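Visitor: Sharing final_23.pdb below, PDB, C-alpha atoms:
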```
MODEL        1
ATOM      1  CA  LEU A   1      -1.392 -14.859  53.063
ATOM      2  CA  ASP A   2      -4.148 -15.728  55.542
ATOM      3  CA  LEU A   3      -2.625 -16.750  58.867
ATOM      4  CA  GLY A   4      -5.982 -17.170  60.573
ATOM      5  CA  GLY A   5      -6.768 -15.896  64.038
ATOM      6  CA  PRO A   6      -4.045 -15.361  66.647
ATOM      7  CA  ILE A   7      -3.059 -18.295  68.843
ATOM      8  CA  LEU A   8      -2.167 -15.911  71.647
ATOM      9  CA  ASP A   9      -3.375 -12.341  72.206
ATOM     10  CA  ILE A  10      -2.219 -10.940  75.542
ATOM     11  CA  VAL A  11      -1.239  -7.719  77.259
ATOM     12  CA  MET A  12       2.193  -7.993  78.825
ATOM     13  CA  GLU A  13       2.891  -6.223  82.084
ATOM     14  CA  ALA A  14       6.166  -5.030  83.592
ATOM     15  CA  GLY A  15       8.459  -7.996  84.248
ATOM     16  CA  ASP A  16       6.709 -10.386  81.821
ATOM     17  CA  VAL A  17       8.745 -12.448  79.357
ATOM     18  CA  LEU A  18       7.314 -14.104  76.249
ATOM     19  CA  TYR A  19       9.190 -16.697  74.182
ATOM     20  CA  VAL A  20       8.477 -16.611  70.436
ATOM     21  CA  PRO A  21       9.882 -19.632  68.536
ATOM     22  CA  THR A  22      12.107 -19.089  65.503
ATOM     23  CA  GLY A  23      10.146 -18.087  62.408
ATOM     24  CA  PHE A  24       6.836 -17.697  64.266
ATOM     25  CA  PRO A  25       4.795 -14.780  62.829
ATOM     26  CA  HIS A  26       4.042 -12.174  65.479
ATOM     27  CA  THR A  27       3.329  -8.501  65.908
ATOM     28  CA  THR A  28       3.327  -6.073  68.828
ATOM     29  CA  ASP A  29       1.797  -2.712  69.600
ATOM     30  CA  THR A  30       1.278  -0.455  72.597
ATOM     31  CA  VAL A  31      -2.032  -0.557  74.430
ATOM     32  CA  GLN A  32      -3.816   2.775  74.532
ATOM     33  CA  GLY A  33      -4.538   3.311  78.196
ATOM     34  CA  THR A  34      -2.918   1.452  81.102
ATOM     35  CA  THR A  35      -3.887   0.075  84.484
ATOM     36  CA  ASN A  36      -2.831   3.444  85.893
ATOM     37  CA  THR A  37      -5.676   5.302  84.182
ATOM     38  CA  SER A  38      -8.827   6.008  86.137
ATOM     39  CA  ALA A  39     -10.950   5.799  83.026
ATOM     40  CA  ASP A  40     -10.578   4.195  79.635
ATOM     41  CA  ASP A  41     -10.042   7.480  77.867
ATOM     42  CA  GLY A  42      -7.534   6.076  75.367
ATOM     43  CA  ASN A  43      -4.634   8.058  76.803
ATOM     44  CA  ALA A  44      -1.659   6.200  78.254
ATOM     45  CA  THR A  45      -0.254   7.648  81.475
ATOM     46  CA  THR A  46       2.991   5.671  81.437
ATOM     47  CA  THR A  47       5.662   4.978  78.854
ATOM     48  CA  SER A  48       5.747   1.462  77.440
ATOM     49  CA  VAL A  49       9.099  -0.017  76.447
ATOM     50  CA  HIS A  50       9.865  -3.598  75.457
ATOM     51  CA  LEU A  51      13.190  -5.289  74.774
ATOM     52  CA  THR A  52      13.467  -7.985  72.098
ATOM     53  CA  MET A  53      16.331 -10.441  72.471
ATOM     54  CA  GLY A  54      17.312 -13.002  69.863
ATOM     55  CA  LEU A  55      18.339 -16.460  71.058
ATOM     56  CA  ASP A  56      20.674 -17.667  68.318
ATOM     57  CA  THR A  57      19.926 -21.349  68.751
ATOM     58  CA  HIS A  58      20.382 -21.947  65.019
ATOM     59  CA  VAL A  59      23.798 -20.226  65.120
ATOM     60  CA  PHE A  60      25.097 -22.285  68.031
ATOM     61  CA  GLY A  61      23.770 -25.666  66.924
ATOM     62  CA  LEU A  62      20.924 -26.031  69.402
ATOM     63  CA  THR A  63      18.165 -27.154  67.024
ATOM     64  CA  TYR A  64      16.815 -30.509  65.887
ATOM     65  CA  ALA A  65      18.317 -29.805  62.462
ATOM     66  CA  HIS A  66      21.801 -29.705  64.015
ATOM     67  CA  LEU A  67      21.093 -32.795  66.086
ATOM     68  CA  ARG A  68      19.992 -34.660  62.947
ATOM     69  CA  TRP A  69      23.130 -33.524  61.131
ATOM     70  CA  ALA A  70      25.358 -34.727  63.984
ATOM     71  CA  ILE A  71      23.601 -38.097  64.318
ATOM     72  CA  LEU A  72      23.819 -38.882  60.617
ATOM     73  CA  SER A  73      27.371 -37.526  60.329
ATOM     74  CA  LYS A  74      28.514 -39.543  63.322
ATOM     75  CA  MET A  75      26.979 -42.661  61.804
ATOM     76  CA  LYS A  76      28.603 -41.954  58.408
ATOM     77  CA  LYS A  77      25.212 -41.498  56.771
ATOM     78  CA  VAL A  78      24.213 -38.892  54.189
ATOM     79  CA  HIS A  79      22.819 -35.800  55.921
ATOM     80  CA  SER A  80      22.246 -33.428  52.981
ATOM     81  CA  ILE A  81      18.607 -33.127  51.961
ATOM     82  CA  ALA A  82      16.228 -31.059  49.842
ATOM     83  CA  ILE A  83      13.321 -30.211  52.146
ATOM     84  CA  ARG A  84      10.070 -30.086  50.174
ATOM     85  CA  THR A  85       7.731 -28.490  52.696
ATOM     86  CA  ASP A  86       7.962 -25.366  54.822
ATOM     87  CA  GLU A  87       6.192 -27.031  57.734
ATOM     88  CA  VAL A  88       8.785 -29.760  58.206
ATOM     89  CA  TYR A  89      11.596 -27.274  57.586
ATOM     90  CA  TRP A  90      10.480 -25.079  60.476
ATOM     91  CA  GLN A  91       9.890 -28.075  62.708
ATOM     92  CA  THR A  92      13.504 -29.171  62.263
ATOM     93  CA  LEU A  93      14.669 -25.660  63.205
ATOM     94  CA  GLU A  94      12.808 -25.803  66.499
ATOM     95  CA  THR A  95      15.034 -25.351  69.516
ATOM     96  CA  LEU A  96      16.053 -28.442  71.443
ATOM     97  CA  PRO A  97      14.046 -28.769  74.699
ATOM     98  CA  LEU A  98      16.514 -26.937  76.934
ATOM     99  CA  GLY A  99      15.757 -24.804  79.964
ATOM    100  CA  PHE A 100      12.115 -23.771  80.166
ATOM    101  CA  LEU A 101      11.429 -25.743  76.961
ATOM    102  CA  ALA A 102      12.323 -29.018  78.682
ATOM    103  CA  PRO A 103       9.612 -31.472  79.765
ATOM    104  CA  LYS A 104       8.188 -30.625  83.177
ATOM    105  CA  GLY A 105      10.710 -31.214  85.930
ATOM    106  CA  GLU A 106      13.474 -32.489  83.646
ATOM    107  CA  TRP A 107      15.595 -29.324  83.642
ATOM    108  CA  GLU A 108      15.533 -29.255  87.429
ATOM    109  CA  ARG A 109      16.571 -32.916  87.548
ATOM    110  CA  PHE A 110      19.251 -32.156  84.956
ATOM    111  CA  HIS A 111      20.807 -29.594  87.304
ATOM    112  CA  ASP A 112      20.312 -31.734  90.403
ATOM    113  CA  LYS A 113      22.286 -34.524  88.694
ATOM    114  CA  GLY A 114      25.113 -32.152  87.816
ATOM    115  CA  GLY A 115      24.179 -31.713  84.168
ATOM    116  CA  VAL A 116      23.248 -35.309  83.354
ATOM    117  CA  MET A 117      20.073 -36.147  81.431
ATOM    118  CA  SER A 118      17.643 -38.687  82.818
ATOM    119  CA  ASP A 119      16.729 -41.618  80.581
ATOM    120  CA  GLU A 120      13.217 -40.193  80.298
ATOM    121  CA  TYR A 121      14.627 -36.879  79.083
ATOM    122  CA  VAL A 122      16.682 -38.685  76.426
ATOM    123  CA  ASP A 123      13.572 -40.644  75.392
ATOM    124  CA  VAL A 124      11.639 -37.417  74.699
ATOM    125  CA  VAL A 125      14.386 -35.998  72.484
ATOM    126  CA  ALA A 126      15.018 -39.304  70.675
ATOM    127  CA  ALA A 127      11.304 -39.790  69.947
ATOM    128  CA  GLU A 128      10.975 -36.309  68.447
ATOM    129  CA  MET A 129      14.159 -36.805  66.424
ATOM    130  CA  ARG A 130      12.819 -40.088  65.044
ATOM    131  CA  ARG A 131       9.555 -38.367  64.079
ATOM    132  CA  LEU A 132      11.435 -35.619  62.234
ATOM    133  CA  LEU A 133      13.698 -38.103  60.459
ATOM    134  CA  ILE A 134      10.601 -39.833  59.099
ATOM    135  CA  ALA A 135       8.809 -36.580  58.230
ATOM    136  CA  LEU A 136      11.848 -35.331  56.312
ATOM    137  CA  GLU A 137      12.552 -38.529  54.402
ATOM    138  CA  PRO A 138       9.651 -41.005  54.559
ATOM    139  CA  GLN A 139      11.082 -42.973  51.633
ATOM    140  CA  ARG A 140      14.510 -43.406  53.179
ATOM    141  CA  TRP A 141      13.919 -45.277  56.410
ATOM    142  CA  ASP A 142      12.955 -48.890  56.980
ATOM    143  CA  VAL A 143      10.106 -48.321  59.412
ATOM    144  CA  PRO A 144       6.571 -49.724  59.569
ATOM    145  CA  PRO A 145       4.229 -48.121  56.991
ATOM    146  CA  LYS A 146       1.729 -47.353  59.759
ATOM    147  CA  GLU A 147       4.337 -45.275  61.563
ATOM    148  CA  ILE A 148       5.024 -43.296  58.389
ATOM    149  CA  GLU A 149       1.312 -42.688  57.931
ATOM    150  CA  GLN A 150       0.959 -41.584  61.533
ATOM    151  CA  VAL A 151       3.830 -39.096  61.215
ATOM    152  CA  LEU A 152       2.572 -37.675  57.933
ATOM    153  CA  SER A 153      -1.026 -37.447  59.160
ATOM    154  CA  HIS A 154       0.004 -34.738  61.612
ATOM    155  CA  LEU A 155       1.263 -32.481  58.832
ATOM    156  CA  THR A 156      -1.022 -29.990  57.133
ATOM    157  CA  GLU A 157      -3.124 -31.367  54.294
ATOM    158  CA  THR A 158      -1.038 -29.772  51.512
ATOM    159  CA  ASP A 159       2.267 -30.984  52.913
ATOM    160  CA  HIS A 160       0.756 -34.377  53.664
ATOM    161  CA  LYS A 161      -0.380 -34.856  50.076
ATOM    162  CA  THR A 162       2.965 -33.698  48.706
ATOM    163  CA  THR A 163       4.887 -36.163  50.850
ATOM    164  CA  LEU A 164       2.446 -39.016  50.327
ATOM    165  CA  THR A 165       2.728 -38.581  46.581
ATOM    166  CA  SER A 166       6.476 -39.059  46.832
ATOM    167  CA  THR A 167       6.007 -42.256  48.851
ATOM    168  CA  SER A 168       3.251 -43.839  46.796
ATOM    169  CA  THR A 169       3.809 -47.086  44.905
ATOM    170  CA  SER A 170       2.194 -46.047  41.638
ATOM    171  CA  THR A 171       2.643 -47.958  38.381
ATOM    172  CA  PRO A 172       5.310 -48.649  37.252
ATOM    173  CA  PRO A 173       6.519 -49.817  40.687
ATOM    174  CA  VAL A 174       9.786 -48.384  41.940
ATOM    175  CA  THR A 175      12.078 -50.481  44.089
ATOM    176  CA  ILE A 176      13.385 -48.458  47.011
ATOM    177  CA  THR A 177      16.210 -49.695  49.201
ATOM    178  CA  ARG A 178      15.481 -48.405  52.652
ATOM    179  CA  GLU A 179      18.030 -47.820  55.421
ATOM    180  CA  PRO A 180      17.679 -48.765  59.079
ATOM    181  CA  ILE A 181      16.630 -45.639  60.923
ATOM    182  CA  PRO A 182      18.971 -44.567  63.758
ATOM    183  CA  THR A 183      17.885 -46.293  66.958
ATOM    184  CA  ARG A 184      17.393 -44.735  70.356
ATOM    185  CA  ASP A 185      20.649 -46.327  71.556
ATOM    186  CA  GLU A 186      22.538 -44.968  68.551
ATOM    187  CA  MET A 187      21.134 -41.484  69.103
ATOM    188  CA  THR A 188      21.751 -41.413  72.851
ATOM    189  CA  PRO A 189      25.487 -40.525  72.967
ATOM    190  CA  ILE A 190      24.944 -37.713  70.430
ATOM    191  CA  ILE A 191      21.925 -36.381  72.320
ATOM    192  CA  ARG A 192      23.875 -36.467  75.571
ATOM    193  CA  TYR A 193      26.793 -34.624  73.963
ATOM    194  CA  PHE A 194      24.475 -31.847  72.751
ATOM    195  CA  PHE A 195      22.840 -31.397  76.153
ATOM    196  CA  GLU A 196      25.534 -32.361  78.661
ATOM    197  CA  THR A 197      28.598 -30.931  76.911
ATOM    198  CA  HIS A 198      27.804 -28.621  74.004
ATOM    199  CA  ALA A 199      24.879 -26.704  75.512
ATOM    200  CA  VAL A 200      26.320 -26.614  79.037
ATOM    201  CA  ASN A 201      29.588 -25.113  77.776
ATOM    202  CA  LEU A 202      27.752 -22.526  75.678
ATOM    203  CA  PHE A 203      25.565 -21.537  78.627
ATOM    204  CA  ALA A 204      28.635 -21.106  80.842
ATOM    205  CA  ILE A 205      30.229 -18.779  78.294
ATOM    206  CA  GLN A 206      27.040 -16.768  77.857
ATOM    207  CA  ASN A 207      26.632 -16.444  81.606
ATOM    208  CA  HIS A 208      30.214 -15.212  81.947
ATOM    209  CA  MET A 209      29.899 -12.827  78.994
ATOM    210  CA  PHE A 210      26.760 -11.099  80.242
ATOM    211  CA  THR A 211      27.582 -10.898  83.952
ATOM    212  CA  ASN A 212      28.845  -7.558  85.350
ATOM    213  CA  VAL A 213      28.727  -5.842  81.974
ATOM    214  CA  ASP A 214      29.932  -2.270  81.566
ATOM    215  CA  PRO A 215      29.883  -1.240  77.874
ATOM    216  CA  HIS A 216      32.379   1.542  78.627
ATOM    217  CA  SER A 217      34.863  -0.816  80.252
ATOM    218  CA  ASP A 218      37.848  -2.257  78.376
ATOM    219  CA  GLU A 219      37.532  -5.312  80.586
ATOM    220  CA  THR A 220      34.004  -5.964  79.342
ATOM    221  CA  ILE A 221      35.063  -5.545  75.713
ATOM    222  CA  MET A 222      37.936  -7.993  76.154
ATOM    223  CA  LYS A 223      35.656 -10.405  77.973
ATOM    224  CA  ALA A 224      33.239 -10.313  75.031
ATOM    225  CA  TYR A 225      36.098 -10.937  72.607
ATOM    226  CA  HIS A 226      37.501 -13.915  74.512
ATOM    227  CA  SER A 227      34.003 -15.333  75.044
ATOM    228  CA  SER A 228      33.334 -15.096  71.318
ATOM    229  CA  GLN A 229      36.560 -16.979  70.659
ATOM    230  CA  ASP A 230      35.553 -19.632  73.201
ATOM    231  CA  GLN A 231      32.208 -20.037  71.415
ATOM    232  CA  ASN A 232      33.986 -20.583  68.115
ATOM    233  CA  LYS A 233      36.115 -23.251  69.750
ATOM    234  CA  ILE A 234      33.027 -25.017  71.078
ATOM    235  CA  MET A 235      31.482 -24.983  67.606
ATOM    236  CA  GLY A 236      34.706 -26.394  66.221
ATOM    237  CA  ASP A 237      34.581 -29.093  68.884
ATOM    238  CA  LEU A 238      31.040 -29.940  67.737
ATOM    239  CA  GLY A 239      32.312 -30.354  64.191
ATOM    240  CA  ALA A 240      35.116 -32.610  65.428
ATOM    241  CA  PHE A 241      32.666 -34.667  67.515
ATOM    242  CA  ALA A 242      30.409 -35.202  64.506
ATOM    243  CA  GLY A 243      33.389 -36.104  62.348
ATOM    244  CA  ASN A 244      32.948 -33.024  60.155
ATOM    245  CA  ALA A 245      36.489 -31.819  59.450
ATOM    246  CA  ASP A 246      35.268 -28.917  57.286
ATOM    247  CA  MET A 247      33.242 -27.405  60.121
ATOM    248  CA  LYS A 248      36.091 -27.824  62.587
ATOM    249  CA  GLU A 249      38.532 -26.166  60.186
ATOM    250  CA  ARG A 250      36.103 -23.339  59.396
ATOM    251  CA  TYR A 251      35.797 -22.316  63.033
ATOM    252  CA  GLU A 252      39.533 -22.676  63.601
ATOM    253  CA  ILE A 253      40.170 -20.287  60.703
ATOM    254  CA  MET A 254      37.592 -17.892  62.156
ATOM    255  CA  GLU A 255      39.408 -17.966  65.497
ATOM    256  CA  GLN A 256      42.743 -17.269  63.827
ATOM    257  CA  LYS A 257      41.377 -14.340  61.805
ATOM    258  CA  ARG A 258      39.835 -12.737  64.877
ATOM    259  CA  GLU A 259      43.085 -13.208  66.760
ATOM    260  CA  GLU A 260      44.930 -11.416  63.960
ATOM    261  CA  TRP A 261      42.362  -8.606  63.901
ATOM    262  CA  ALA A 262      42.689  -8.169  67.651
ATOM    263  CA  LYS A 263      46.487  -7.970  67.435
ATOM    264  CA  ASP A 264      46.294  -5.429  64.627
ATOM    265  CA  ALA A 265      43.766  -3.316  66.538
ATOM    266  CA  LEU A 266      45.969  -3.394  69.659
ATOM    267  CA  ALA A 267      49.075  -2.444  67.667
ATOM    268  CA  HIS A 268      47.175   0.418  66.043
ATOM    269  CA  ALA A 269      45.950   1.659  69.430
ATOM    270  CA  ASN A 270      49.483   1.601  70.873
ATOM    271  CA  GLN A 271      50.741   3.757  68.023
ATOM    272  CA  LYS A 272      48.377   6.584  68.959
TER     273      LYS A 272
ENDMDL
END
```
What would the structure in this file look like if it were written as structure tokens?
Guide:
Amino acid sequence: LDLGGPILDIVMEAGDVLYVPTGFPHTTDTVQGTTNTSADDGNATTTSVHLTMGLDTHVFGLTYAHLRWAILSKMKKVHSIAIRTDEVYWQTLETLPLGFLAPKGEWERFHDKGGVMSDEYVDVVAAEMRRLLIALEPQRWDVPPKEIEQVLSHLTETDHKTTLTSTSTSTPPVTITREPIPTRDEMTPIIRYFFETHAVNLFAIQNHMFTNVDPHSDETIMKAYHSSQDQNKIMGDLGAFAGNADMKERYEIMEQKREEWAKDALAHANQK
């Protein structure tokens, strides 16, 4: 598989942080020689250590795929789909524009307003969601043909041809009943829930979980357990918000099982 030349080739220094999107091919190695060497003799004089942290945005429902699912579920529309191209698949799994991924200045305004999105911020998310809805199912939505062509033209040539073939009106003609695509106004309350409620609550739990951590402390272990339970509840709340009873029930069962495991572990410890 030829991936072409690297998009980014840098040397990271102490204190640097690099965000690598989900599924993005990357590799790392240690530079031979450092800024502390007097000559480029190929011998490093300091130890190089890097820490890789996974941001489970796909686990906690913070991707465009989850937003699409919630919008269509909330509107009582079919959300299941067979994705035909890898490119569109990975685009839907991109993280929602939160934190440093937000448009310039929007995350600061979000905090200044007490966790409320500006209309411009909502517009950015809604526009990208509309683009992905079209890219995923160009035959489904009742939108201008020029808009479909514009969306598909930004895909790679192979994916573009594959999707165009599925949307062509070859002989014999096929009558397709198209649905109205979710509007910006219809998307807005779901987008706001994801950003202003779902994400904010998850961030608060994560902040609490990873503050003043002592891996040898029983208090830290219990804090991690309760935080994990709180996260399950938030995911169940997301299922309830989207009208997905199965998801809500699944996370409730998970909470109950962990509660039982915790009680059993405590009873076992008290017997010693």
Visitor: Restrict the calculation to only C-alpha atoms, then for each residue of segment 173-198 of chain A with any atom at most 12 Å from an atom of segment 204-207 of chain A give the closest atom pair and their distance in Å to one decimal, rows by chain and rising residue number, as CSV.
Guide:
```
residue,atom,partner,partner_atom,distance
A:Glu196,CA,A:Ala204,CA,11.9
A:Thr197,CA,A:Ala204,CA,10.6
A:His198,CA,A:Ala204,CA,10.2
```
Visitor: Which is closer to His66 of chain A than all the others in A:Ile191, A:Ile176, A:Val31, A:Val49, using all atoms listed in the file?
Guide: A:Ile191
Visitor: May I ask for the distance between atom CA of Leu202 of chain A and atom CA of Arg184 of chain A, given in Å to one decimal place?
Guide: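 Result for atom CA of Leu202 of chain A versus atom CA of Arg184 of chain A: 25.1 Å, one decimal.
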Visitor: What residues come out when you apply the PyMOL selection byres ((chain A and resi 199) around 10) to this file, written as a list of chain:residue names?
Guide: A:Thr57, A:Phe60, A:Gly61, A:Leu62, A:Leu96, A:Leu98, A:Arg192, A:Tyr193, A:Phe194, A:Phe195, A:Glu196, A:Thr197, A:His198, A:Val200, A:Asn201, A:Leu202, A:Phe203, A:Ala204, A:Ile205, A:Ile234
Visitor: I would like the residues chosen by the PyMOL selection byres ((chain A and resi 68) around 9) on the shown file; could you give them as a list in words?
Guide: Thr63, Tyr64, Ala65, His66, Leu67, Trp69, Ala70, Ile71, Leu72, Ser73, His79, Thr92, Met129, Leu132 and Leu133 of chain A
Visitor: Around segment 185-188 of chain A, with edges along x, y and z and 8 Å added on all six sides, what centre and edge lengths do you get, in Å to one decimal, as lines of an AutoDock Vina configuration file?
Guide:
```
center_x = 21.6
center_y = -43.9
center_z = 70.7
size_x = 17.9
size_y = 20.9
size_z = 20.3
```
Visitor: To one decimal place in Å, what is the distance between atom CA of Lys233 of chain A and atom CA of Glu259 of chain A?
Guide: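 Computed distance, atom CA of Lys233 of chain A to atom CA of Glu259 of chain A, equals 12.6 Å.
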Visitor: By how many Å are atom CA of Asn244 of chain A and atom CA of Ile81 of chain A apart?
Guide: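 Interatomic distance, atom CA of Asn244 of chain A to atom CA of Ile81 of chain A: 16.5 Å.
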Visitor: Skipping near chain neighbours, those fewer than 4 positions away, what residues fall within 12 Å of His208 of chain A using all atoms listed in the file, listed as a tab-separated table (two decimals) with C-alpha atoms, in the coordinates of the input?
Guide:
```tsv
chain	number	residue	atom	x	y	z
A	201	ASN	CA	29.59	-25.11	77.78
A	202	LEU	CA	27.75	-22.53	75.68
A	203	PHE	CA	25.56	-21.54	78.63
A	204	ALA	CA	28.64	-21.11	80.84
A	212	ASN	CA	28.84	-7.56	85.35
A	213	VAL	CA	28.73	-5.84	81.97
A	220	THR	CA	34.00	-5.96	79.34
A	223	LYS	CA	35.66	-10.40	77.97
A	224	ALA	CA	33.24	-10.31	75.03
A	225	TYR	CA	36.10	-10.94	72.61
A	226	HIS	CA	37.50	-13.92	74.51
A	227	SER	CA	34.00	-15.33	75.04
A	228	SER	CA	33.33	-15.10	71.32
A	230	ASP	CA	35.55	-19.63	73.20
A	231	GLN	CA	32.21	-20.04	71.42
```
Visitor: How would you write, as an NGL selection string, the residues chosen by the PyMOL selection byres ((chain A and resi 124) around 12) on this structure?
Guide: :A and (96-98 or 101-104 or 106 or 117-123 or 125-131 or 184 or 187-188 or 191)
Visitor: Show me as number ranges by chain the residues that reach within 9 Å of (10.0, -42.5, 59.2), counting all atoms listed in the file and using the file's own coordinates.
Guide: A: 130-145, 147-149, 151-152, 181
Visitor: Choose the residue, out of A:Gly99, A:Pro180, A:Gly5, A:Pro189, that has the smallest atom-to-atom separation from Lys77 of chain A; count only C-alpha atoms.
Guide: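 Between A:Gly99, A:Pro180, A:Gly5, A:Pro189, the residue approaching Lys77 of chain A most closely is A:Pro180.
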Visitor: Please extract segment 75-83 of chain A and write it out with all heavy atoms, as a PDB file, in the first residue's frame.
Guide:
```pdb
ATOM      1  N   MET A  75     -35.289  11.826  14.762  1.00  0.00           N
ATOM      2  CA  MET A  75     -36.288  12.173  13.756  1.00  0.00           C
ATOM      3  C   MET A  75     -37.057  10.957  13.247  1.00  0.00           C
ATOM      4  O   MET A  75     -37.817  11.056  12.284  1.00  0.00           O
ATOM      5  CB  MET A  75     -35.606  12.884  12.580  1.00  0.00           C
ATOM      6  CG  MET A  75     -34.944  14.199  12.956  1.00  0.00           C
ATOM      7  SD  MET A  75     -34.105  14.999  11.555  1.00  0.00           S
ATOM      8  CE  MET A  75     -35.519  15.344  10.489  1.00  0.00           C
ATOM      9  N   LYS A  76     -36.826   9.791  13.893  1.00  0.00           N
ATOM     10  CA  LYS A  76     -37.506   8.550  13.515  1.00  0.00           C
ATOM     11  C   LYS A  76     -37.183   8.133  12.079  1.00  0.00           C
ATOM     12  O   LYS A  76     -38.028   7.603  11.350  1.00  0.00           O
ATOM     13  CB  LYS A  76     -39.035   8.679  13.667  1.00  0.00           C
ATOM     14  CG  LYS A  76     -39.487   9.189  15.023  1.00  0.00           C
ATOM     15  CD  LYS A  76     -39.086   8.260  16.149  1.00  0.00           C
ATOM     16  CE  LYS A  76     -39.609   8.756  17.495  1.00  0.00           C
ATOM     17  NZ  LYS A  76     -39.133   7.913  18.627  1.00  0.00           N
ATOM     18  N   LYS A  77     -35.952   8.391  11.666  1.00  0.00           N
ATOM     19  CA  LYS A  77     -35.502   7.986  10.344  1.00  0.00           C
ATOM     20  C   LYS A  77     -34.538   6.802  10.467  1.00  0.00           C
ATOM     21  O   LYS A  77     -33.925   6.597  11.510  1.00  0.00           O
ATOM     22  CB  LYS A  77     -34.790   9.143   9.635  1.00  0.00           C
ATOM     23  CG  LYS A  77     -35.698  10.308   9.245  1.00  0.00           C
ATOM     24  CD  LYS A  77     -34.886  11.409   8.576  1.00  0.00           C
ATOM     25  CE  LYS A  77     -35.771  12.556   8.101  1.00  0.00           C
ATOM     26  NZ  LYS A  77     -36.593  12.175   6.919  1.00  0.00           N
ATOM     27  N   VAL A  78     -34.421   6.042   9.399  1.00  0.00           N
ATOM     28  CA  VAL A  78     -33.503   4.898   9.381  1.00  0.00           C
ATOM     29  C   VAL A  78     -32.068   5.408   9.479  1.00  0.00           C
ATOM     30  O   VAL A  78     -31.666   6.316   8.746  1.00  0.00           O
ATOM     31  CB  VAL A  78     -33.685   4.079   8.085  1.00  0.00           C
ATOM     32  CG1 VAL A  78     -32.647   2.960   8.017  1.00  0.00           C
ATOM     33  CG2 VAL A  78     -35.092   3.513   8.014  1.00  0.00           C
ATOM     34  N   HIS A  79     -31.286   4.808  10.396  1.00  0.00           N
ATOM     35  CA  HIS A  79     -29.897   5.253  10.554  1.00  0.00           C
ATOM     36  C   HIS A  79     -28.888   4.179  10.168  1.00  0.00           C
ATOM     37  O   HIS A  79     -27.704   4.467  10.005  1.00  0.00           O
ATOM     38  CB  HIS A  79     -29.630   5.712  11.995  1.00  0.00           C
ATOM     39  CG  HIS A  79     -29.884   4.647  13.027  1.00  0.00           C
ATOM     40  ND1 HIS A  79     -29.003   3.635  13.274  1.00  0.00           N
ATOM     41  CD2 HIS A  79     -30.940   4.463  13.869  1.00  0.00           C
ATOM     42  CE1 HIS A  79     -29.484   2.850  14.233  1.00  0.00           C
ATOM     43  NE2 HIS A  79     -30.660   3.324  14.604  1.00  0.00           N
ATOM     44  N   SER A  80     -29.335   2.921  10.021  1.00  0.00           N
ATOM     45  CA  SER A  80     -28.417   1.856   9.623  1.00  0.00           C
ATOM     46  C   SER A  80     -28.001   2.061   8.170  1.00  0.00           C
ATOM     47  O   SER A  80     -28.787   2.534   7.339  1.00  0.00           O
ATOM     48  CB  SER A  80     -29.065   0.484   9.794  1.00  0.00           C
ATOM     49  OG  SER A  80     -30.244   0.390   9.022  1.00  0.00           O
ATOM     50  N   ILE A  81     -26.759   1.691   7.864  1.00  0.00           N
ATOM     51  CA  ILE A  81     -26.241   1.948   6.520  1.00  0.00           C
ATOM     52  C   ILE A  81     -25.059   1.035   6.248  1.00  0.00           C
ATOM     53  O   ILE A  81     -24.317   0.656   7.166  1.00  0.00           O
ATOM     54  CB  ILE A  81     -25.798   3.420   6.386  1.00  0.00           C
ATOM     55  CG1 ILE A  81     -25.327   3.723   4.968  1.00  0.00           C
ATOM     56  CG2 ILE A  81     -24.709   3.760   7.387  1.00  0.00           C
ATOM     57  CD1 ILE A  81     -24.985   5.172   4.733  1.00  0.00           C
ATOM     58  N   ALA A  82     -24.897   0.654   4.982  1.00  0.00           N
ATOM     59  CA  ALA A  82     -23.721  -0.089   4.540  1.00  0.00           C
ATOM     60  C   ALA A  82     -22.798   0.904   3.842  1.00  0.00           C
ATOM     61  O   ALA A  82     -23.090   1.355   2.730  1.00  0.00           O
ATOM     62  CB  ALA A  82     -24.121  -1.221   3.600  1.00  0.00           C
ATOM     63  N   ILE A  83     -21.717   1.268   4.491  1.00  0.00           N
ATOM     64  CA  ILE A  83     -20.795   2.265   3.927  1.00  0.00           C
ATOM     65  C   ILE A  83     -19.914   1.599   2.876  1.00  0.00           C
ATOM     66  O   ILE A  83     -19.264   0.586   3.148  1.00  0.00           O
ATOM     67  CB  ILE A  83     -19.941   2.903   5.032  1.00  0.00           C
ATOM     68  CG1 ILE A  83     -20.853   3.594   6.050  1.00  0.00           C
ATOM     69  CG2 ILE A  83     -18.956   3.904   4.436  1.00  0.00           C
ATOM     70  CD1 ILE A  83     -20.108   4.214   7.206  1.00  0.00           C
TER      71      ILE A  83
END
```
